[in-house]
file query25.txt (compact mmCIF, C-alpha atoms and all ligand atoms)
# COMPACT_ATOMS: atom_id res chain seq x y z
CA VAL A 155 -102.32 93.24 161.17
CA LEU A 156 -101.15 91.57 158.14
CA SER A 157 -98.31 89.22 158.47
CA VAL A 158 -96.49 88.06 155.44
CA ALA A 159 -94.64 84.84 155.89
CA ILE A 160 -91.63 84.52 153.67
CA PRO A 161 -90.29 80.99 153.80
CA ASP A 162 -86.83 80.70 155.38
CA ASP A 163 -85.12 79.22 152.35
CA VAL A 164 -86.32 82.07 150.23
CA LEU A 165 -85.37 84.62 152.81
CA TYR A 166 -81.83 83.29 153.34
CA ALA A 167 -81.13 82.22 149.78
CA PRO A 168 -79.12 85.35 148.85
CA VAL A 169 -77.10 85.09 152.08
CA ARG A 170 -76.29 81.44 151.45
CA HIS A 171 -75.35 82.25 147.92
CA SER A 172 -72.96 85.01 148.99
CA THR A 173 -71.50 82.81 151.72
CA ARG A 174 -70.83 80.04 149.20
CA ILE A 175 -69.17 82.48 146.86
CA LEU A 176 -67.10 83.88 149.70
CA ILE A 177 -65.98 80.42 150.85
CA LEU A 178 -65.12 79.44 147.28
CA ALA A 179 -63.19 82.64 146.69
CA GLY A 180 -61.40 82.25 150.04
CA GLY A 181 -60.52 78.65 149.28
CA MET A 182 -59.22 79.53 145.87
CA THR A 183 -57.14 82.39 147.24
CA LEU A 184 -55.70 80.09 149.86
CA ALA A 185 -54.87 77.42 147.28
CA LEU A 186 -53.30 80.04 145.05
CA ALA A 187 -51.24 81.43 147.92
CA LEU A 188 -50.09 77.91 148.82
CA LEU A 189 -49.11 77.17 145.25
CA LEU A 190 -47.27 80.45 144.97
CA GLY A 191 -45.49 79.82 148.28
CA LEU A 192 -44.52 76.37 147.10
CA ALA A 193 -43.20 77.70 143.82
CA ILE A 194 -41.15 80.42 145.51
CA GLY A 195 -39.84 77.97 148.09
CA ARG A 196 -38.79 75.54 145.39
CA ARG A 197 -37.07 78.24 143.43
CA ILE A 198 -35.06 79.38 146.46
CA ALA A 199 -34.31 75.83 147.59
CA GLY A 200 -33.17 74.98 144.07
CA ALA A 201 -30.84 77.96 144.01
CA ILE A 202 -29.40 77.10 147.42
CA THR A 203 -28.98 73.43 146.53
CA ALA A 204 -27.04 74.52 143.48
CA LEU A 205 -24.72 76.45 145.79
CA VAL A 206 -24.20 73.61 148.26
CA GLY A 207 -22.24 71.44 145.87
CA ASN A 208 -19.98 74.34 144.95
CA ALA A 209 -19.48 75.35 148.57
CA GLU A 210 -18.45 71.79 149.41
CA ARG A 211 -15.99 71.72 146.56
CA VAL A 212 -14.45 75.03 147.65
CA GLY A 213 -14.20 73.54 151.15
CA ARG A 214 -12.21 70.65 149.75
CA GLY A 215 -9.97 73.10 147.95
CA ASP A 216 -11.22 72.19 144.46
CA ARG A 217 -11.57 74.66 141.69
CA ILE A 218 -15.17 75.45 140.65
CA ALA A 219 -16.97 77.14 137.78
CA PRO A 220 -19.36 80.01 138.49
CA ARG A 221 -23.02 78.92 138.58
CA GLU A 222 -26.12 80.81 137.52
CA THR A 223 -28.83 80.24 140.11
CA GLY A 224 -31.45 82.59 138.74
CA ILE A 225 -31.82 84.60 141.95
CA LEU A 226 -29.89 87.79 142.45
CA GLU A 227 -28.75 87.11 146.02
CA THR A 228 -27.69 83.51 145.50
CA ASP A 229 -26.02 84.51 142.26
CA ARG A 230 -23.89 86.88 144.31
CA VAL A 231 -23.01 84.15 146.79
CA SER A 232 -22.16 81.88 143.89
CA GLN A 233 -19.91 84.53 142.38
CA SER A 234 -18.13 85.06 145.72
CA LEU A 235 -17.55 81.33 146.05
CA TYR A 236 -16.14 81.25 142.56
CA LEU A 237 -13.77 84.16 143.30
CA ALA A 238 -12.68 82.54 146.56
CA SER A 239 -11.93 79.28 144.79
CA GLU A 240 -9.96 81.09 142.10
CA ARG A 241 -7.92 82.92 144.72
CA LEU A 242 -7.23 79.68 146.58
CA TYR A 243 -6.20 77.99 143.37
CA GLN A 244 -3.98 80.92 142.45
CA SER A 245 -2.19 80.98 145.77
CA ALA A 246 -1.75 77.21 145.72
CA GLN A 247 -0.12 77.54 142.31
CA GLU A 248 2.15 80.31 143.53
CA ARG A 249 3.11 78.32 146.60
CA ALA A 250 3.95 75.30 144.46
CA VAL A 251 6.14 77.36 142.14
CA LEU A 252 7.89 78.94 145.10
CA LEU A 253 8.46 75.60 146.78
CA GLN A 254 9.73 74.13 143.54
CA ARG A 255 12.22 76.98 143.15
CA THR A 256 13.33 76.71 146.76
CA LEU A 257 13.89 72.99 146.48
CA THR A 258 15.76 73.31 143.21
CA ALA A 259 17.92 76.08 144.64
CA GLN A 260 18.60 74.00 147.73
CA GLU A 261 19.55 70.92 145.73
CA ASP A 262 21.77 72.99 143.41
CA GLU A 263 23.48 74.62 146.36
CA ARG A 264 24.01 71.30 148.08
CA LYS A 265 25.40 69.84 144.87
CA ARG A 266 27.77 72.77 144.50
CA ILE A 267 29.05 72.57 148.07
CA ALA A 268 29.39 68.80 147.90
CA ARG A 269 31.46 69.06 144.72
CA GLU A 270 33.53 71.84 146.22
CA ILE A 271 34.30 69.73 149.27
CA HIS A 272 35.05 66.73 147.17
CA ASP A 273 37.14 68.43 144.50
CA THR A 274 38.85 71.44 146.06
CA LEU A 275 39.31 70.25 149.61
CA GLY A 276 39.98 66.76 148.27
CA GLN A 277 42.86 68.10 146.20
CA TYR A 278 44.40 69.87 149.18
CA LEU A 279 44.13 66.67 151.12
CA THR A 280 45.83 64.69 148.40
CA ALA A 281 48.64 67.28 148.36
CA LEU A 282 48.94 66.98 152.13
CA ARG A 283 49.17 63.19 151.93
CA LEU A 284 51.84 63.38 149.26
CA ALA A 285 53.82 65.85 151.37
CA LEU A 286 53.55 63.58 154.40
CA ASN A 287 54.78 60.65 152.32
CA GLY A 288 57.58 62.89 151.09
CA ILE A 289 59.02 63.55 154.52
CA GLU A 290 58.87 59.89 155.54
CA ALA A 291 62.50 59.39 154.61
CA VAL A 292 63.53 62.51 156.49
CA CYS A 293 61.75 61.37 159.62
CA ALA A 294 62.91 57.77 159.42
CA PRO A 295 65.97 58.09 161.70
CA ASP A 296 64.09 59.94 164.40
CA GLN A 297 61.79 57.74 166.48
CA ALA A 298 59.71 60.68 167.82
CA ALA A 299 59.33 62.28 164.39
CA ARG A 300 58.28 58.92 162.93
CA GLN A 301 55.65 58.63 165.61
CA ARG A 302 54.37 62.16 164.86
CA LEU A 303 54.22 61.33 161.18
CA VAL A 304 52.05 58.28 161.81
CA GLU A 305 49.69 60.46 163.86
CA LEU A 306 49.56 63.13 161.13
CA LYS A 307 48.78 60.50 158.49
CA LYS A 308 45.98 59.16 160.61
CA LEU A 309 44.66 62.68 161.05
CA ALA A 310 44.74 63.21 157.29
CA GLY A 311 42.87 59.94 156.84
CA ASP A 312 40.19 60.97 159.35
CA LEU A 313 39.88 64.33 157.68
CA GLY A 314 39.39 62.69 154.29
CA ARG A 315 36.70 60.37 155.60
CA GLU A 316 34.93 63.23 157.35
CA LEU A 317 34.97 65.36 154.19
CA ASN A 318 33.58 62.47 152.18
CA ARG A 319 30.85 61.95 154.72
CA MET A 320 29.94 65.63 154.69
CA ALA A 321 29.81 65.73 150.91
CA TRP A 322 27.80 62.53 150.85
CA GLN A 323 25.33 63.88 153.35
CA LEU A 324 24.85 67.08 151.42
CA ARG A 325 24.19 65.25 148.22
CA PRO A 326 25.43 61.83 147.24
CA MET A 327 27.28 62.19 143.99
CA ALA A 328 26.00 58.77 143.07
CA LEU A 329 22.65 60.43 142.62
CA ASP A 330 24.02 62.57 139.83
CA ASP A 331 26.63 60.24 138.41
CA LEU A 332 25.50 56.68 138.91
CA GLY A 333 21.75 56.83 139.28
CA LEU A 334 19.11 56.11 141.82
CA ARG A 335 19.83 52.42 142.27
CA ARG A 336 23.44 53.01 143.30
CA ALA A 337 22.57 56.02 145.45
CA VAL A 338 19.91 54.07 147.35
CA THR A 339 22.10 51.00 147.77
CA GLN A 340 25.03 53.07 149.03
CA TYR A 341 22.82 55.04 151.37
CA LEU A 342 21.33 51.95 152.97
CA GLU A 343 24.72 50.24 153.24
CA GLU A 344 25.96 53.31 155.11
CA TRP A 345 23.13 53.08 157.60
CA ALA A 346 23.55 49.33 158.00
CA ASP A 347 27.20 49.97 158.91
CA ARG A 348 26.45 52.83 161.22
CA SER A 349 23.46 51.49 163.14
CA GLN A 350 22.14 48.29 164.62
CA LEU A 351 19.42 48.30 162.02
CA ARG A 352 18.97 45.26 159.78
CA ILE A 353 18.07 46.62 156.38
CA GLU A 354 16.48 44.55 153.65
CA LEU A 355 16.51 46.05 150.21
CA GLU A 356 14.50 44.77 147.30
CA ILE A 357 15.14 46.85 144.27
CA ASP A 358 13.64 46.39 140.85
CA LEU A 359 14.76 49.28 138.70
CA ASP A 360 15.95 48.78 135.20
CA ASP A 361 18.96 50.92 134.38
CA ARG A 362 17.09 53.69 132.65
CA ARG A 363 17.65 57.10 134.24
CA LEU A 364 14.51 58.71 135.53
CA PRO A 365 13.93 62.48 135.45
CA GLN A 366 16.29 64.10 137.93
CA ALA A 367 13.44 65.66 139.91
CA VAL A 368 11.97 62.18 140.40
CA GLU A 369 15.27 60.58 141.45
CA THR A 370 16.07 63.40 143.85
CA ALA A 371 12.59 63.43 145.39
CA LEU A 372 12.61 59.69 145.90
CA PHE A 373 16.05 59.77 147.47
CA ARG A 374 15.09 62.58 149.84
CA VAL A 375 11.92 60.73 150.83
CA LEU A 376 13.96 57.62 151.55
CA GLN A 377 16.36 59.69 153.68
CA GLU A 378 13.50 61.12 155.71
CA ALA A 379 11.82 57.74 156.12
CA ILE A 380 14.99 55.99 157.28
CA THR A 381 15.92 58.87 159.58
CA ASN A 382 12.45 58.62 161.11
CA VAL A 383 12.85 54.88 161.63
CA VAL A 384 16.16 55.41 163.38
CA LYS A 385 15.00 58.43 165.37
CA HIS A 386 11.50 57.43 166.42
CA SER A 387 10.68 53.76 166.00
CA GLY A 388 13.26 51.75 167.91
CA ALA A 389 12.92 49.17 165.14
CA SER A 390 15.43 46.38 164.67
CA GLN A 391 14.55 45.75 161.06
CA VAL A 392 13.48 47.85 158.13
CA SER A 393 12.61 46.73 154.65
CA VAL A 394 12.80 48.92 151.60
CA ILE A 395 11.12 47.93 148.36
CA LEU A 396 11.74 50.03 145.29
CA THR A 397 10.16 49.20 141.95
CA ALA A 398 9.71 51.01 138.68
CA ALA A 399 6.92 50.04 136.32
CA ASP A 400 5.89 51.84 133.16
CA ASP A 401 3.33 53.97 134.91
CA ALA A 402 4.97 54.73 138.25
CA LEU A 403 7.88 54.47 140.61
CA ARG A 404 6.89 52.91 143.92
CA MET A 405 8.68 52.68 147.23
CA ILE A 406 7.67 51.06 150.49
CA VAL A 407 9.67 51.60 153.68
CA GLU A 408 8.42 49.39 156.48
CA ASP A 409 9.78 49.02 159.99
CA ASP A 410 8.96 46.71 162.87
CA GLY A 411 9.21 49.30 165.63
CA ARG A 412 6.80 51.30 167.76
CA GLY A 413 4.34 53.02 165.50
CA PHE A 414 2.49 56.24 166.19
CA ASP A 415 -0.99 57.65 166.14
CA LEU A 416 -1.64 58.92 162.66
CA ASP A 417 -4.46 61.20 163.73
CA SER A 418 -2.47 63.11 166.26
CA GLY A 419 -0.13 65.00 164.14
CA THR A 420 0.81 63.84 160.68
CA ASP A 421 -2.03 64.93 158.46
CA GLY A 422 -0.43 68.28 157.92
CA LEU A 423 -3.07 70.37 159.60
CA ALA A 424 -2.62 69.08 163.11
CA LEU A 425 1.08 68.80 162.60
CA GLY A 426 1.92 72.40 163.29
CA LEU A 427 5.41 73.56 162.61
CA ARG A 428 7.24 71.16 164.85
CA HIS A 429 7.43 68.09 162.63
CA LEU A 430 8.21 69.16 159.14
CA GLY A 431 9.71 65.93 157.90
CA LEU A 432 6.66 64.08 156.63
CA LEU A 433 4.93 67.30 155.73
CA GLY A 434 7.89 68.38 153.61
CA VAL A 435 8.00 64.98 151.97
CA ARG A 436 4.31 65.18 151.08
CA GLU A 437 4.70 68.63 149.56
CA ARG A 438 7.78 67.59 147.70
CA LEU A 439 6.01 64.60 146.21
CA ALA A 440 2.91 66.62 145.36
CA LEU A 441 5.07 68.88 143.19
CA ILE A 442 5.85 65.99 140.87
CA GLY A 443 2.37 64.47 141.06
CA GLY A 444 3.40 61.86 143.60
CA SER A 445 1.75 60.78 146.81
CA LEU A 446 2.59 59.46 150.25
CA GLU A 447 0.48 57.11 152.37
CA LEU A 448 1.23 56.12 155.92
CA GLU A 449 0.22 53.13 157.97
CA SER A 450 1.23 52.92 161.57
CA SER A 451 0.25 51.09 164.70
CA ALA A 452 1.76 50.77 168.14
CA GLN A 453 2.76 47.13 167.69
CA GLY A 454 2.83 46.76 163.92
CA GLY A 455 5.41 49.43 163.15
CA THR A 456 5.17 51.97 160.39
CA ALA A 457 4.91 51.65 156.64
CA VAL A 458 5.44 54.51 154.22
CA TYR A 459 4.09 54.07 150.71
CA VAL A 460 5.33 56.36 147.99
CA ARG A 461 4.10 56.54 144.43
CA ILE A 462 5.48 58.81 141.76
CA PRO A 463 3.86 58.66 138.33
CA LEU A 464 6.27 58.38 135.42
N1 LIG A 501 8.94 55.26 161.38
C1 LIG A 501 8.35 55.88 162.44
N2 LIG A 501 8.17 55.20 163.60
C2 LIG A 501 7.59 55.80 164.65
N3 LIG A 501 7.16 57.08 164.66
C3 LIG A 501 7.31 57.81 163.55
C4 LIG A 501 7.91 57.26 162.38
N4 LIG A 501 7.91 58.22 161.42
C5 LIG A 501 7.37 59.30 161.98
N5 LIG A 501 6.99 59.09 163.25
C6 LIG A 501 6.29 60.02 164.15
O1 LIG A 501 5.74 61.07 163.38
C7 LIG A 501 6.23 62.32 163.81
C8 LIG A 501 6.43 63.24 162.64
O2 LIG A 501 7.53 62.86 161.86
P1 LIG A 501 8.32 63.94 161.01
O3 LIG A 501 7.30 64.72 160.26
O4 LIG A 501 9.36 63.26 160.21
O5 LIG A 501 8.93 64.91 162.08
P2 LIG A 501 10.26 64.75 162.98
O6 LIG A 501 11.01 63.56 162.47
O7 LIG A 501 10.97 66.03 162.76
O8 LIG A 501 9.76 64.58 164.39
C9 LIG A 501 7.49 62.00 164.56
O9 LIG A 501 7.76 62.95 165.54
C10 LIG A 501 7.19 60.65 165.16
O10 LIG A 501 6.49 60.78 166.36
MG MG A 502 11.47 63.22 160.52
call {"tool": "encode", "arguments": {"input": "query25.txt", "output": "C-alpha cells"}}
result
Amino acid sequence: VLSVAIPDDVLYAPVRHSTRILILAGGMTLALALLLGLAIGRRIAGAITALVGNAERVGRGDRIAPRETGILETDRVSQSLYLASERLYQSAQERAVLLQRTLTAQEDERKRIAREIHDTLGQYLTALRLALNGIEAVCAPDQAARQRLVELKKLAGDLGRELNRMAWQLRPMALDDLGLRRAVTQYLEEWADRSQLRIELEIDLDDRRLPQAVETALFRVLQEAITNVVKHSGASQVSVILTAADDALRMIVEDDGRGFDLDSGTDGLALGLRHLGLLGVRERLALIGGSLELESSAQGGTAVYVRIPL
C-alpha cells in the first residue's frame, strides 16, 4: 500500500482561493446593491421633498409653479398640484369679481333709493307741509280743526324724520357729498344720541377725498363694528380712531364690553353661515387690499383693527 500524503494547505489551497473570491464577489455585490439602493432612495426622496413645499403652498391657497422632479410619477403629482392651484386661484379671482360687482350694485341701488326717498318723497312732504300751512287760516276759527291741524303737522314732521332716517341708513349722502370725515362724525353722533354708548372719536384725515371704494368700505366696516358693539358687547364706551397716512388708512374701534372667544367662530371657516358680519367685512376689505385684525377677551373688550392701503 502506498500512501501519498498531500499536505493540507496544498490540498485545500484551491478551495480557499475560490472561497476568498466568492466572499469578495459577494461583498462587492452587496456594496453595489447598497449604493444603488441609496442612490434610488435619494432620488425618490429628493423628488418627494420637492413636492412637499408645493403641496404646502397649495394647502395655504398660494399659487405655485409646476416643478420638474425627474421621476415620471412624482412629475404627474406635481402637475396635478399645479392644476389644482391654478383652479383654486381662478375660482378665487372669479369670486372676487363677483363679490365686487355685487357690492357695487348694492351700493348703487342703495344710493338710488336713498336719493329717491330724499328727493321725490321729500318734495311731496314739502308740498304737504305747505298745504297744511295754507289751511291754517281756514282752520283758525274752529278749535277742533285747529287741534287736528296741529296733529297733522306733527305727523308730517315724524314722517319727514323717518324718511331721512331711512335714507341715511341706506346710504348717508354725506358719504357721497361731504366725504368720509363728515359721514363718520354724523354716524357716530347719531349713535351717541340714540344709545347709552359714550363714543370717543379721534379723527386725523386731511380733507383729500379718498377713492370711493375705500371710503365706502371703511364706512361699512365702521357700521358693522359699531352695530356689533351695541348688539353683543354691552359696552358703555367705545373709541374710534381714524387716521390717514400716505401709505394707508387705519381705523381702530375698541370697546370696553364683554369680549368673545376668537377661536370659536370668527375666523371664517368655523363661522358657518350664521354670522356674516365680520366675514363680510373681511371679504370686503380684501377686495381693496385691506385687512382686518381682531382682539377680544372676556374682560378686556374687543378691538377691531382695519388697514386699507392707499
Ligand atoms: N364688539 C363685540 N363684542 C362682543 N362680541 C362680539 C363683538 N363683535 C363680534 N362679536 C361676536 O362675534 C360674533 C360674530 O359677529 P358678526 O360676524 O358681526 O355676526 P353677527 O353680528 O351677525 O352675530 C357675534 O355673534 C358676537 O358673538
Ligand atoms: Mg355683526
call {"tool": "closest_residue", "arguments": {"input": "query25.txt", "among": "A:Thr339, A:Gln323, A:Ser450, A:Thr203", "to": "Arg269 (chain A)", "atoms": "all atoms listed in the file"}}
result
A:Gln323
call {"tool": "residues_near_ligand", "arguments": {"input": "query25.txt", "ligand": "ligand MG 502 (chain A)", "cutoff": "6 Å", "atoms": "only C-alpha atoms and all ligand atoms", "output": "PDB file with C-alpha atoms, in the coordinates of the input"}}
result
ATOM      1  CA  GLU A 378      13.500  61.120 155.710  1.00  0.00           C
ATOM      2  CA  ASN A 382      12.450  58.620 161.110  1.00  0.00           C
ATOM      3  CA  GLY A 431       9.710  65.930 157.900  1.00  0.00           C
TER       4      GLY A 431
END
call {"tool": "atom_distance", "arguments": {"input": "query25.txt", "atom1": "CA of Lys308 (chain A)", "atom2": "CA of Ala268 (chain A)"}}
result
23.0 Å
call {"tool": "residues_near_ligand", "arguments": {"input": "query25.txt", "ligand": "ligand LIG 501 (chain A)", "cutoff": "9 Å", "atoms": "all atoms listed in the file", "output": "count of residues only"}}
result
43
call {"tool": "atom_distance", "arguments": {"input": "query25.txt", "atom1": "CA of His272 (chain A)", "atom2": "CA of Val304 (chain A)"}}
result
24.0 Å
call {"tool": "residues_near_point", "arguments": {"input": "query25.txt", "point": "(-28.5, 85.8, 141.1)", "cutoff": "12 Å", "atoms": "all atoms listed in the file", "output": "list of chain:residue names"}}
result
A:Arg197, A:Ile198, A:Ala201, A:Ile202, A:Ala204, A:Leu205, A:Pro220, A:Arg221, A:Glu222, A:Thr223, A:Gly224, A:Ile225, A:Leu226, A:Glu227, A:Thr228, A:Asp229, A:Arg230, A:Val231, A:Ser232, A:Gln233, A:Ser234
call {"tool": "residues_around", "arguments": {"input": "query25.txt", "residues": "region 246-253 of chain A", "least_positions_apart": "4", "cutoff": "8 Å", "atoms": "only C-alpha atoms", "output": "CSV table (one decimal) with C-alpha atoms, in the frame of the given file"}}
result
chain,number,residue,atom,x,y,z
A,242,LEU,CA,-7.2,79.7,146.6
A,257,LEU,CA,13.9,73.0,146.5
A,441,LEU,CA,5.1,68.9,143.2
call {"tool": "atom_distance", "arguments": {"input": "query25.txt", "atom1": "CA of Val368 (chain A)", "atom2": "CA of Leu464 (chain A)"}}
result
8.5 Å
call {"tool": "closest_atom_pairs", "arguments": {"input": "query25.txt", "of": "region 308-344 of chain A", "to": "region 282-298 of chain A", "cutoff": "12 Å", "atoms": "all atoms listed in the file", "output": "CSV"}}
result
residue,atom,partner,partner_atom,distance
A:Lys308,CA,A:Arg283,CA,10.1
A:Leu309,CA,A:Arg283,CA,10.2
A:Ala310,CA,A:Arg283,CA,7.0
A:Gly311,CA,A:Arg283,CA,8.6
A:Asp312,CA,A:Arg283,CA,11.9
A:Leu313,CA,A:Leu282,CA,11.0
A:Gly314,CA,A:Arg283,CA,10.1
call {"tool": "residues_near_point", "arguments": {"input": "query25.txt", "point": "(25.7, 59.8, 140.0)", "cutoff": "12 Å", "atoms": "only C-alpha atoms", "output": "ChimeraX atom specification"}}
result
/A:265,269,322,325-338,340,363,366,369-370
call {"tool": "closest_residue", "arguments": {"input": "query25.txt", "among": "A:Ile160, A:Ala367, A:Ile267, A:Leu342", "to": "Asn318 (chain A)", "atoms": "all atoms listed in the file"}}
result
A:Ile267
call {"tool": "axis_aligned_box", "arguments": {"input": "query25.txt", "around": "region 346-362 of chain A", "padding_each_side": "5 Å", "output": "AutoDock Vina command-line options"}}
result
--center_x 20.4 --center_y 49.1 --center_z 148.6 --size_x 23.6 --size_y 19.1 --size_z 42.0
call {"tool": "closest_residue", "arguments": {"input": "query25.txt", "among": "A:Leu396, A:Ile462, A:Leu165, A:Leu446", "to": "Pro365 (chain A)", "atoms": "only C-alpha atoms"}}
result
A:Ile462
call {"tool": "build_atoms", "arguments": {"input": "query25.txt", "residues": "region 225-234 of chain A", "atoms": "all heavy atoms", "output": "JSON list (two decimals), keeping the file's coordinate frame"}}
result
[["chain", "number", "residue", "atom", "x", "y", "z"],
["A", 225, "ILE", "N", -31.37, 83.64, 140.94],
["A", 225, "ILE", "CA", -31.82, 84.60, 141.95],
["A", 225, "ILE", "C", -30.66, 85.53, 142.25],
["A", 225, "ILE", "O", -29.52, 85.08, 142.40],
["A", 225, "ILE", "CB", -32.25, 83.88, 143.24],
["A", 225, "ILE", "CG1", -33.44, 82.98, 142.94],
["A", 225, "ILE", "CG2", -32.62, 84.88, 144.33],
["A", 225, "ILE", "CD1", -33.91, 82.19, 144.13],
["A", 226, "LEU", "N", -30.94, 86.79, 142.33],
["A", 226, "LEU", "CA", -29.89, 87.79, 142.45],
["A", 226, "LEU", "C", -28.95, 87.50, 143.64],
["A", 226, "LEU", "O", -27.73, 87.46, 143.48],
["A", 226, "LEU", "CB", -30.53, 89.17, 142.61],
["A", 226, "LEU", "CG", -29.55, 90.33, 142.52],
["A", 226, "LEU", "CD1", -28.98, 90.42, 141.12],
["A", 226, "LEU", "CD2", -30.24, 91.64, 142.93],
["A", 227, "GLU", "N", -29.56, 87.27, 144.81],
["A", 227, "GLU", "CA", -28.75, 87.11, 146.02],
["A", 227, "GLU", "C", -27.87, 85.87, 145.94],
["A", 227, "GLU", "O", -26.68, 85.90, 146.23],
["A", 227, "GLU", "CB", -29.64, 87.03, 147.27],
["A", 227, "GLU", "CG", -30.19, 88.38, 147.73],
["A", 227, "GLU", "CD", -31.31, 88.90, 146.84],
["A", 227, "GLU", "OE1", -31.81, 88.11, 145.99],
["A", 227, "GLU", "OE2", -31.68, 90.08, 146.98],
["A", 228, "THR", "N", -28.49, 84.74, 145.56],
["A", 228, "THR", "CA", -27.69, 83.51, 145.50],
["A", 228, "THR", "C", -26.67, 83.58, 144.37],
["A", 228, "THR", "O", -25.59, 83.00, 144.45],
["A", 228, "THR", "CB", -28.59, 82.27, 145.34],
["A", 228, "THR", "OG1", -29.61, 82.56, 144.41],
["A", 228, "THR", "CG2", -29.18, 81.86, 146.67],
["A", 229, "ASP", "N", -27.01, 84.31, 143.31],
["A", 229, "ASP", "CA", -26.02, 84.51, 142.26],
["A", 229, "ASP", "C", -24.79, 85.21, 142.81],
["A", 229, "ASP", "O", -23.66, 84.91, 142.44],
["A", 229, "ASP", "CB", -26.61, 85.37, 141.13],
["A", 229, "ASP", "CG", -27.23, 84.50, 140.05],
["A", 229, "ASP", "OD1", -27.05, 83.26, 140.13],
["A", 229, "ASP", "OD2", -27.92, 85.04, 139.17],
["A", 230, "ARG", "N", -25.04, 86.15, 143.73],
["A", 230, "ARG", "CA", -23.89, 86.88, 144.31],
["A", 230, "ARG", "C", -23.06, 85.97, 145.20],
["A", 230, "ARG", "O", -21.83, 86.01, 145.18],
["A", 230, "ARG", "CB", -24.37, 88.12, 145.05],
["A", 230, "ARG", "CG", -24.46, 89.28, 144.06],
["A", 230, "ARG", "CD", -25.27, 90.42, 144.51],
["A", 230, "ARG", "NE", -24.81, 91.09, 145.72],
["A", 230, "ARG", "CZ", -25.49, 92.08, 146.28],
["A", 230, "ARG", "NH1", -26.63, 92.47, 145.75],
["A", 230, "ARG", "NH2", -25.03, 92.66, 147.35],
["A", 231, "VAL", "N", -23.76, 85.12, 145.96],
["A", 231, "VAL", "CA", -23.01, 84.15, 146.79],
["A", 231, "VAL", "C", -22.20, 83.23, 145.89],
["A", 231, "VAL", "O", -21.01, 82.96, 146.14],
["A", 231, "VAL", "CB", -23.99, 83.32, 147.65],
["A", 231, "VAL", "CG1", -23.22, 82.24, 148.41],
["A", 231, "VAL", "CG2", -24.74, 84.22, 148.61],
["A", 232, "SER", "N", -22.83, 82.78, 144.82],
["A", 232, "SER", "CA", -22.16, 81.88, 143.89],
["A", 232, "SER", "C", -20.91, 82.53, 143.31],
["A", 232, "SER", "O", -19.84, 81.92, 143.21],
["A", 232, "SER", "CB", -23.13, 81.50, 142.78],
["A", 232, "SER", "OG", -22.46, 80.83, 141.76],
["A", 233, "GLN", "N", -21.04, 83.80, 142.95],
["A", 233, "GLN", "CA", -19.91, 84.53, 142.38],
["A", 233, "GLN", "C", -18.78, 84.66, 143.40],
["A", 233, "GLN", "O", -17.61, 84.47, 143.07],
["A", 233, "GLN", "CB", -20.39, 85.91, 141.91],
["A", 233, "GLN", "CG", -19.33, 86.76, 141.23],
["A", 233, "GLN", "CD", -18.87, 86.16, 139.91],
["A", 233, "GLN", "OE1", -19.50, 85.26, 139.38],
["A", 233, "GLN", "NE2", -17.73, 86.63, 139.41],
["A", 234, "SER", "N", -19.15, 84.95, 144.67],
["A", 234, "SER", "CA", -18.13, 85.06, 145.72],
["A", 234, "SER", "C", -17.40, 83.74, 145.92],
["A", 234, "SER", "O", -16.18, 83.71, 146.08],
["A", 234, "SER", "CB", -18.75, 85.47, 147.05],
["A", 234, "SER", "OG", -19.40, 86.68, 146.91]]
